[in-house]
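K.L.:
Data: upload_1.cif, mmCIF, C-alpha atoms.
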data_final
#
loop_
_atom_site.label_atom_id
_atom_site.label_comp_id
_atom_site.auth_asym_id
_atom_site.auth_seq_id
_atom_site.Cartn_x
_atom_site.Cartn_y
_atom_site.Cartn_z
CA LEU H 1 159.48 120.82 124.62
CA ASP H 2 161.14 120.91 128.03
CA PRO H 3 163.57 123.16 129.96
CA VAL H 4 166.41 122.10 127.62
CA ARG H 5 164.90 121.76 124.12
CA PHE H 6 162.73 123.89 121.88
CA LEU H 7 161.33 123.79 118.34
CA GLY H 8 163.04 126.32 116.11
CA ASN H 9 164.42 126.98 112.66
CA ALA H 10 167.57 128.26 110.98
CA SER H 11 166.54 131.91 110.78
CA SER H 12 169.23 134.25 112.15
CA GLY H 13 167.12 137.44 112.25
CA ARG H 14 169.70 139.25 110.08
CA GLN H 15 167.13 140.59 107.63
CA GLY H 16 164.92 141.89 110.43
CA VAL H 17 167.87 143.63 112.07
CA ALA H 18 168.85 145.14 108.71
CA LEU H 19 165.29 146.43 108.29
CA ALA H 20 165.37 148.03 111.73
CA ARG H 21 168.72 149.68 111.00
CA ALA H 22 167.54 150.98 107.61
CA ALA H 23 164.36 152.39 109.15
CA ARG H 24 166.37 154.22 111.80
CA LEU H 25 168.67 155.66 109.14
CA ARG H 26 165.57 156.99 107.39
CA GLY H 27 164.43 158.71 110.58
CA ALA H 28 161.73 156.32 111.74
CA GLN H 29 160.89 155.53 115.35
CA VAL H 30 161.40 151.76 115.50
CA THR H 31 160.25 149.04 117.86
CA VAL H 32 161.72 145.58 117.29
CA VAL H 33 159.87 142.56 118.61
CA ALA H 34 162.69 140.02 118.80
CA ALA H 35 163.22 136.39 119.70
CA HIS H 36 166.45 134.56 118.92
CA LEU H 37 168.81 136.92 117.06
CA SER H 38 172.38 136.28 115.98
CA GLU H 39 172.93 139.95 115.09
CA PRO H 40 173.16 142.94 117.45
CA LEU H 41 170.33 145.42 117.17
CA PRO H 42 171.08 149.00 116.09
CA ALA H 43 171.23 151.79 118.62
CA GLY H 44 168.12 153.87 119.10
CA VAL H 45 165.46 151.19 118.69
CA ASP H 46 163.02 149.98 121.32
CA VAL H 47 163.09 146.24 121.91
CA VAL H 48 160.38 143.86 123.10
CA GLN H 49 161.68 140.35 123.76
CA VAL H 50 159.50 137.30 123.03
CA SER H 51 160.13 133.57 123.05
CA SER H 52 157.10 132.01 121.35
CA THR H 53 154.52 132.68 118.67
CA ALA H 54 151.94 133.27 121.40
CA ASP H 55 154.24 135.90 122.93
CA LEU H 56 154.67 137.48 119.50
CA ALA H 57 150.91 137.66 118.98
CA GLU H 58 150.40 139.34 122.36
CA ALA H 59 153.16 141.87 121.80
CA MET H 60 152.05 142.76 118.29
CA THR H 61 148.41 143.14 119.34
CA ARG H 62 149.52 145.57 122.04
CA LEU H 63 151.86 147.57 119.80
CA GLN H 64 149.79 147.63 116.61
CA PRO H 65 147.57 150.66 117.35
CA GLU H 66 150.59 152.98 117.58
CA ALA H 67 152.32 151.85 114.37
CA ASP H 68 152.17 153.37 110.89
CA VAL H 69 153.86 150.31 109.38
CA LEU H 70 154.21 146.70 110.55
CA VAL H 71 156.95 144.63 108.92
CA MET H 72 156.63 140.99 109.91
CA ALA H 73 160.13 139.77 109.04
CA VAL H 74 159.73 136.84 111.37
CA ALA H 75 160.15 133.09 111.01
CA ALA H 76 157.44 132.37 113.56
CA ALA H 77 156.67 128.76 114.43
CA ASP H 78 153.55 127.42 112.72
CA PHE H 79 153.26 124.58 115.22
CA THR H 80 153.83 124.29 118.96
CA PRO H 81 153.96 121.28 121.31
CA ALA H 82 150.53 120.35 122.61
CA GLU H 83 152.16 119.67 125.97
CA THR H 84 155.48 120.72 127.48
CA SER H 85 157.43 118.90 130.14
CA ALA H 86 158.49 120.63 133.36
CA ALA H 87 161.53 118.33 133.50
CA LYS H 88 164.02 117.30 130.84
CA ILE H 89 162.62 114.47 128.71
CA LYS H 90 164.85 111.41 129.17
CA LYS H 91 165.52 108.47 126.89
CA ASP H 92 163.48 105.48 127.96
CA GLY H 93 164.89 102.84 125.62
CA SER H 94 161.85 102.82 123.33
CA GLY H 95 163.83 104.27 120.44
CA THR H 96 161.19 106.89 119.61
CA LEU H 97 159.59 110.01 121.00
CA ASP H 98 156.11 110.91 119.80
CA LEU H 99 155.27 114.61 119.75
CA GLN H 100 151.78 116.05 119.37
CA LEU H 101 151.91 119.48 117.74
CA THR H 102 149.13 122.04 117.39
CA GLU H 103 148.87 124.99 115.01
CA THR H 104 149.84 128.38 116.41
CA ILE H 105 147.84 131.57 115.97
CA ASP H 106 148.00 133.23 112.55
CA VAL H 107 149.71 136.42 113.74
CA LEU H 108 149.99 138.13 110.36
CA GLY H 109 146.41 137.37 109.33
CA SER H 110 145.09 138.54 112.70
CA LEU H 111 146.97 141.84 112.47
CA SER H 112 145.70 142.47 108.93
CA ALA H 113 142.12 141.79 109.98
CA ARG H 114 142.34 144.00 113.06
CA ARG H 115 143.76 147.20 111.60
CA SER H 116 141.62 150.27 111.14
CA GLY H 117 141.98 153.61 109.42
CA PRO H 118 142.30 156.10 107.91
CA PRO H 119 145.17 156.49 107.57
CA ARG H 120 145.51 152.86 106.63
CA GLN H 121 148.29 151.00 108.39
CA VAL H 122 150.67 149.32 105.93
CA ILE H 123 151.45 145.68 106.77
CA VAL H 124 154.28 143.75 105.16
CA GLY H 125 154.46 139.98 105.44
CA PHE H 126 157.27 137.57 104.65
CA ALA H 127 157.03 134.13 103.05
CA ALA H 128 159.89 131.64 103.14
CA GLU H 129 158.94 129.00 100.57
CA THR H 130 160.53 125.91 99.05
CA ALA H 131 159.55 126.58 95.46
CA LYS H 132 160.50 124.66 92.32
CA ASP H 133 161.06 127.83 90.28
CA ASP H 134 160.10 131.53 90.07
CA ASP H 135 156.61 130.77 88.77
CA ASP H 136 155.97 128.37 91.63
CA LEU H 137 157.30 130.93 94.14
CA LEU H 138 154.98 133.58 92.75
CA ALA H 139 151.96 131.27 92.87
CA LEU H 140 152.68 130.32 96.48
CA GLY H 141 153.16 133.98 97.36
CA LEU H 142 149.93 135.18 95.77
CA ALA H 143 147.97 132.47 97.58
CA LYS H 144 149.53 133.45 100.90
CA LEU H 145 148.94 137.15 100.29
CA ALA H 146 145.26 136.46 99.65
CA ARG H 147 145.00 134.43 102.89
CA LYS H 148 146.87 136.92 105.07
CA GLY H 149 145.36 140.18 103.80
CA CYS H 150 148.57 142.21 104.06
CA ASP H 151 149.56 144.96 101.61
CA LEU H 152 152.95 143.59 100.54
CA LEU H 153 154.53 140.16 100.76
CA VAL H 154 158.29 139.59 100.60
CA LEU H 155 159.04 136.21 99.02
CA ASN H 156 162.14 134.09 99.62
CA ASN H 157 162.93 130.77 98.02
CA VAL H 158 164.72 128.94 100.84
CA SER H 159 165.18 125.66 98.96
CA GLY H 160 168.51 124.00 99.65
CA GLY H 161 169.17 126.07 102.76
CA ALA H 162 169.28 129.42 100.99
CA VAL H 163 168.79 132.75 102.80
CA PHE H 164 168.61 131.62 106.45
CA GLY H 165 171.77 132.67 108.27
CA GLN H 166 173.35 134.00 105.08
CA PRO H 167 174.67 137.57 104.57
CA ASP H 168 172.88 137.98 101.23
CA ASN H 169 169.27 137.69 100.18
CA THR H 170 167.18 137.48 97.02
CA ILE H 171 163.60 138.68 97.29
CA THR H 172 160.49 139.25 95.24
CA ILE H 173 157.97 141.74 96.64
CA ILE H 174 154.37 141.40 95.53
CA ASP H 175 151.10 143.17 96.18
CA PRO H 176 147.67 141.72 95.31
CA ASP H 177 147.98 142.87 91.69
CA ARG H 178 151.58 142.53 90.59
CA VAL H 179 155.25 141.97 91.26
CA VAL H 180 156.34 145.24 92.84
CA LEU H 181 160.09 144.62 92.62
CA THR H 182 162.85 142.05 92.84
CA ALA H 183 166.17 142.60 94.58
CA SER H 184 169.37 140.73 95.38
CA GLY H 185 172.39 141.64 97.44
CA ASP H 186 173.49 141.97 101.02
CA LYS H 187 170.66 142.16 103.50
CA ALA H 188 171.32 145.83 104.30
CA ALA H 189 170.77 146.80 100.65
CA VAL H 190 167.73 144.52 100.40
CA ALA H 191 166.27 146.18 103.51
CA HIS H 192 166.31 149.56 101.80
CA ARG H 193 164.55 148.15 98.75
CA ILE H 194 161.83 146.80 101.03
CA TRP H 195 161.44 150.22 102.63
CA ASP H 196 161.28 151.78 99.15
CA ALA H 197 158.29 149.55 98.43
CA VAL H 198 156.68 150.47 101.76
CA VAL H 199 157.10 154.20 101.08
CA ALA H 200 155.55 153.79 97.62
CA THR H 201 152.61 151.90 99.11
CA ARG H 202 152.04 154.53 101.78
CA THR H 203 152.13 157.25 99.12
CA GLN H 204 149.43 155.40 97.15
CA GLU H 205 147.31 155.02 100.27
CA ASP H 206 147.57 158.75 101.02
CA SER H 207 146.74 159.88 97.48
#
Can I see the file as structure tokens?

P.N.:
Amino acid sequence: LDPVRFLGNASSGRQGVALARAARLRGAQVTVVAAHLSEPLPAGVDVVQVSSTADLAEAMTRLQPEADVLVMAVAAADFTPAETSAAKIKKDGSGTLDLQLTETIDVLGSLSARRSGPPRQVIVGFAAETAKDDDDLLALGLAKLARKGCDLLVLNNVSGGAVFGQPDNTITIIDPDRVVLTASGDKAAVAHRIWDAVVATRTQEDS
């Protein structure tokens, strides 16, 4: 909004860091595109720092051609201020501040549409949803997967403040046809289950 304030969310980046660490342990060459993280990154990964969804889109577009797998474990902003102030916005006694927000670029959908092959690049998206129950979560996930065009979608129900900033996670991974797996536990263990699903998907693509 101005040099002091920004629009953000409660995501800590812990799951993304855990995914990077698990990939390194499995022998992958890893590049992390990172914004605001509360966790230190593992040794041996390349890091590209970004501060906005527009920055993220630019970095991912540049890095995409060299990647076998893209895992978009990112809580990117869906909206951005239409205008930003060069100076701190001050109270003026009106009691309100009206903000005009515009939609940001659909980074995940753009990456899915842009990829080429063979071999086909595997793209994993994430969906943090406020769902009433498991059936509602699955319905929201399938609709998002169809819109985004990725291979796998990792679903979180973040109702009531769950998941963000927490050490543990509960996920459901889906592809266009089915529930691939569900997993619960600390985010390091969950990261390995996500990579298991990625490996299985890559094996299917290669066969």

K.L.:
Can you give me, as JSON, numbers by chain, the residues this file yields under the PyMOL selection byres ((chain H and resi 81) around 8)?

P.N.:
{"H": [1, 79, 80, 82, 83, 84, 99, 100, 101, 102]}

K.L.:
Show which residues sit within 7 Å of H:Val33, as an MDAnalysis selection string. Count all atoms listed in the file, and ignore same-chain residues fewer than 2 positions away.

P.N.:
chainID H and resid 31 47:50

K.L.:
For stretch 182-195 of chain H, find every residue with an atom within 8 Å (counting only C-alpha atoms), except residues of its own chain fewer than 2 positions away, and show them as a CSV table (one decimal) with C-alpha atoms, keeping the file's coordinate frame.

P.N.:
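Output contents, as saved in around-v8.csv:
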chain,number,residue,atom,x,y,z
H,14,ARG,CA,169.7,139.2,110.1
H,15,GLN,CA,167.1,140.6,107.6
H,18,ALA,CA,168.8,145.1,108.7
H,19,LEU,CA,165.3,146.4,108.3
H,22,ALA,CA,167.5,151.0,107.6
H,23,ALA,CA,164.4,152.4,109.2
H,167,PRO,CA,174.7,137.6,104.6
H,168,ASP,CA,172.9,138.0,101.2
H,169,ASN,CA,169.3,137.7,100.2
H,170,THR,CA,167.2,137.5,97.0
H,171,ILE,CA,163.6,138.7,97.3
H,172,THR,CA,160.5,139.2,95.2
H,173,ILE,CA,158.0,141.7,96.6
H,179,VAL,CA,155.2,142.0,91.3
H,180,VAL,CA,156.3,145.2,92.8
H,197,ALA,CA,158.3,149.6,98.4
H,198,VAL,CA,156.7,150.5,101.8
H,199,VAL,CA,157.1,154.2,101.1

K.L.:
Written as a VMD selection string, what is the full residue list that the PyMOL selection byres ((chain H and resi 118-129) around 10) yields on the file shown?

P.N.:
chain H and resid 64 to 75 108 to 109 111 to 112 115 to 117 130 to 132 136 to 138 140 to 141 144 to 145 148 to 159 162 to 164 171 to 175 194 to 195 197 to 199 201 to 202 205 to 206

K.L.:
Applied to the shown file, which residues does the PyMOL selection byres ((chain H and resi 105) around 8) return, written as a list in words?

P.N.:
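This file, filtered by the PyMOL selection byres ((chain H and resi 105) around 8), leaves Thr53, Ala54, Ala57, Asp78, Glu103, Thr104, Asp106 and Val107 of chain H.
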
K.L.:
To one decimal in Å, tell me the separation between atom CA of H:Ser38 and atom CA of H:Leu56.

P.N.:
18.1 Å

K.L.:
What is the atom CA of H:Ala59-atom CA of H:Val30 distance in Å, reported with one decimal?

P.N.:
14.3 Å

K.L.:
When you draw a straight line from atom CA of H:Ala34 to atom CA of H:Ser11, how long is it in Å?

P.N.:
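Answer for the atom CA of H:Ala34 to atom CA of H:Ser11 separation: 12.0 Å.
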
K.L.:
Looking at all atoms listed in the file, which of H:Asp55, H:Pro42, H:Arg147, H:Thr203 is the one that sits closest to H:Arg24?

P.N.:
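Counting all atoms listed in the file, the residue closest to H:Arg24 is H:Pro42.
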